[in-house]
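Peer 1: Below you will find the structure I want to go over with you.
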Amino acid sequence: MAADPSFFVGIVGNIISILVFTSPIGTFRRVVRNKSTEEFRWLPYVTTLLATSLWAFYGLLKPGGLLIVPVNGAGAALQAIYVVLYLAYAPRETKIKMAKVVLAVNIVFFAAVIVVGLVALHGAVRLFAVGLLCAALTVGMYAAPMAAMRTVVKTRSVEYMPFFLSFFLFLNGGIWSVYSMLVKDYFIGIPNAIGFAMGSAQLVLYMAYRNKKKAAAGALKVDEEDEEKGVVHLMGQVELSQRKASLKKGLSLPMPSSLPSPLHGFGNLIKALSATPLELHSVMHQHERVEISARDEEPNDDRHTSGHRSDT
C-alpha cells in the first residue's frame, strides 16, 4: 500500500519550519555579543510566538493533525527564548512597550482562546474558529517582516533583514501550500500562499540591495576625506592671509626673537579635522574679511612709500 504523499510533504514542511524557527539564532548571537538589539524588530518574534502556540492547539483539535503539533510546539519554545533575549537587551522604552504586548497577546489572549475553545465551542465550530484565527495570525507573521523591508529600502542596506530568515520563509510558505492542497486544509493553505509571495518579495529586495552597503560606505569615506582636505586647505588659506596682513602692518616692528613651534601647524590640522559646520562658516567669513582687509591696506602702503621717496 502506497504511503500518503501528504505525509512526506508534511515531514519536509516540518524540517523547513524548524529551519525557519532556528534561523534567528545568528541574529540573537549578535544581540547577546553586542548587548544591544540595534535596529532588529521585535514584532515578528511576538507574532510568531502567538501563531505557533495557536497552531499547536489547532493540531491537537484537528483529527489527523499529528504533523502540525510537534513542529509548532518546538517553534513556540524557540520564539519564547527569542522574546526573552530581546526583552533582556532592548532599550528601556522598547522593553516596557514590548513587555505589555507580550503580556496582553502571548499570555492573556492565548489563554482566553484556549478557555473559550474548550468550554464555549464544540466540534466543527471550534475547529473553524481556531483555524480561522491561526490563518489570520500566520498572515500577520509573514507580514511582520515588512517593517524590516521598509528599513532595507530606507537605509539601502540588508543588514537588518537576515537572508536565511527570508529564504526559509519563502520555502516554508511554498511547502505548506502544497501540503494544504493535498489535505484540503485551506486554513493552512491561504496564509502560507501569502507567505510564499512575501518571502519571494523579500528575496528580490535582498538581491537588489545586498551590494549597496559597501558602495555607500566607500562613497561616504571618500566624501569625508575630501571634506577634511578642503577644511585643512581653507584653514591654511586663512592663516596665510592673516600672516600677510600682519606682515604689511608690522614692517617697521622688530623681528620676533623666537620662531613659531612646529606644533602650531599640527594644532591647526587637528582644529580643521574636528571643525563643526558653524566653525567652518566662521572660518570662511574670517577668510573673506582678512582678504578685504589685505586689499584695503595695499593702496595705503603704496602712498606711504611714494611719499617717502618724494621727501628724499
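The chains in the C-alpha cells are called A, B, ... from first to last as shown; in each chain the residues are counted from 1, and the ligands are counted from 1 in the order shown.
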Phe196 of chain A: which residues within 7 Å, counting only C-alpha atoms, same-chain residues fewer than 6 positions away excluded, as an MDAnalysis selection string?
Peer 2: chainID A and resid 170 173:174
Peer 1: With the cut-off set at 8 Å and counting only C-alpha atoms, tabulate each residue of segment 61-125 of chain A with an atom at most that distance from an atom of segment 129-137 of chain A, showing the nearest atom pair and its distance in Å to one decimal, ordered by chain and increasing number, as a Markdown table.
Peer 2:
```
| residue | atom | partner | partner_atom | distance |
| --- | --- | --- | --- | --- |
| A:Val113 | CA | A:Val130 | CA | 7.9 |
| A:Gly117 | CA | A:Val130 | CA | 7.4 |
| A:Val125 | CA | A:Ala129 | CA | 6.1 |
```
Peer 1: Create the file for the chosen residues now, containing C-alpha atoms and written as a PDB file, in the first residue's frame.
Peer 2:
```pdb
ATOM      1  CA  VAL A 113      -8.576  31.332  23.184  1.00  0.00           C
ATOM      2  CA  GLY A 117     -12.325  26.982  22.566  1.00  0.00           C
ATOM      3  CA  VAL A 125     -17.375  25.212  15.111  1.00  0.00           C
TER       4      VAL A 125
END
```
Peer 1: Can you tell me which residues surround Pro70 of chain A at a distance of at most 9 Å, considering only C-alpha atoms, apart from same-chain residues fewer than 6 positions away, and format the answer as a list in words?
Peer 2: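 So, after excluding close chain neighbours, the residues are Asn14, Ala56 and Gly59 of chain A.
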Peer 1: Write the residues you've just listed into a file as an mmCIF file, in the first residue's frame, and include N, CA, C and O atoms for each of them.
Peer 2:
```
data_model
loop_
_atom_site.group_PDB
_atom_site.id
_atom_site.type_symbol
_atom_site.label_atom_id
_atom_site.label_comp_id
_atom_site.auth_asym_id
_atom_site.auth_seq_id
_atom_site.Cartn_x
_atom_site.Cartn_y
_atom_site.Cartn_z
ATOM 1 N N ASN A 14 7.924 20.113 8.048
ATOM 2 C CA ASN A 14 8.409 20.188 9.426
ATOM 3 C C ASN A 14 9.888 20.569 9.472
ATOM 4 O O ASN A 14 10.312 21.410 10.285
ATOM 5 N N ALA A 56 -0.236 24.836 17.310
ATOM 6 C CA ALA A 56 -0.090 23.612 18.100
ATOM 7 C C ALA A 56 -1.437 23.214 18.713
ATOM 8 O O ALA A 56 -1.810 22.021 18.723
ATOM 9 N N GLY A 59 -3.595 21.821 15.929
ATOM 10 C CA GLY A 59 -3.200 20.452 15.598
ATOM 11 C C GLY A 59 -3.738 19.437 16.583
ATOM 12 O O GLY A 59 -4.076 18.301 16.203
#
```
Peer 1: Residues near Tyr89 of chain A, anyone? I mean within 12 Å using only C-alpha atoms, not counting same-chain ones fewer than 2 positions away, as a PyMOL selection string.
Peer 2: chain A and resi 28-40+42+82-87+91-96+98
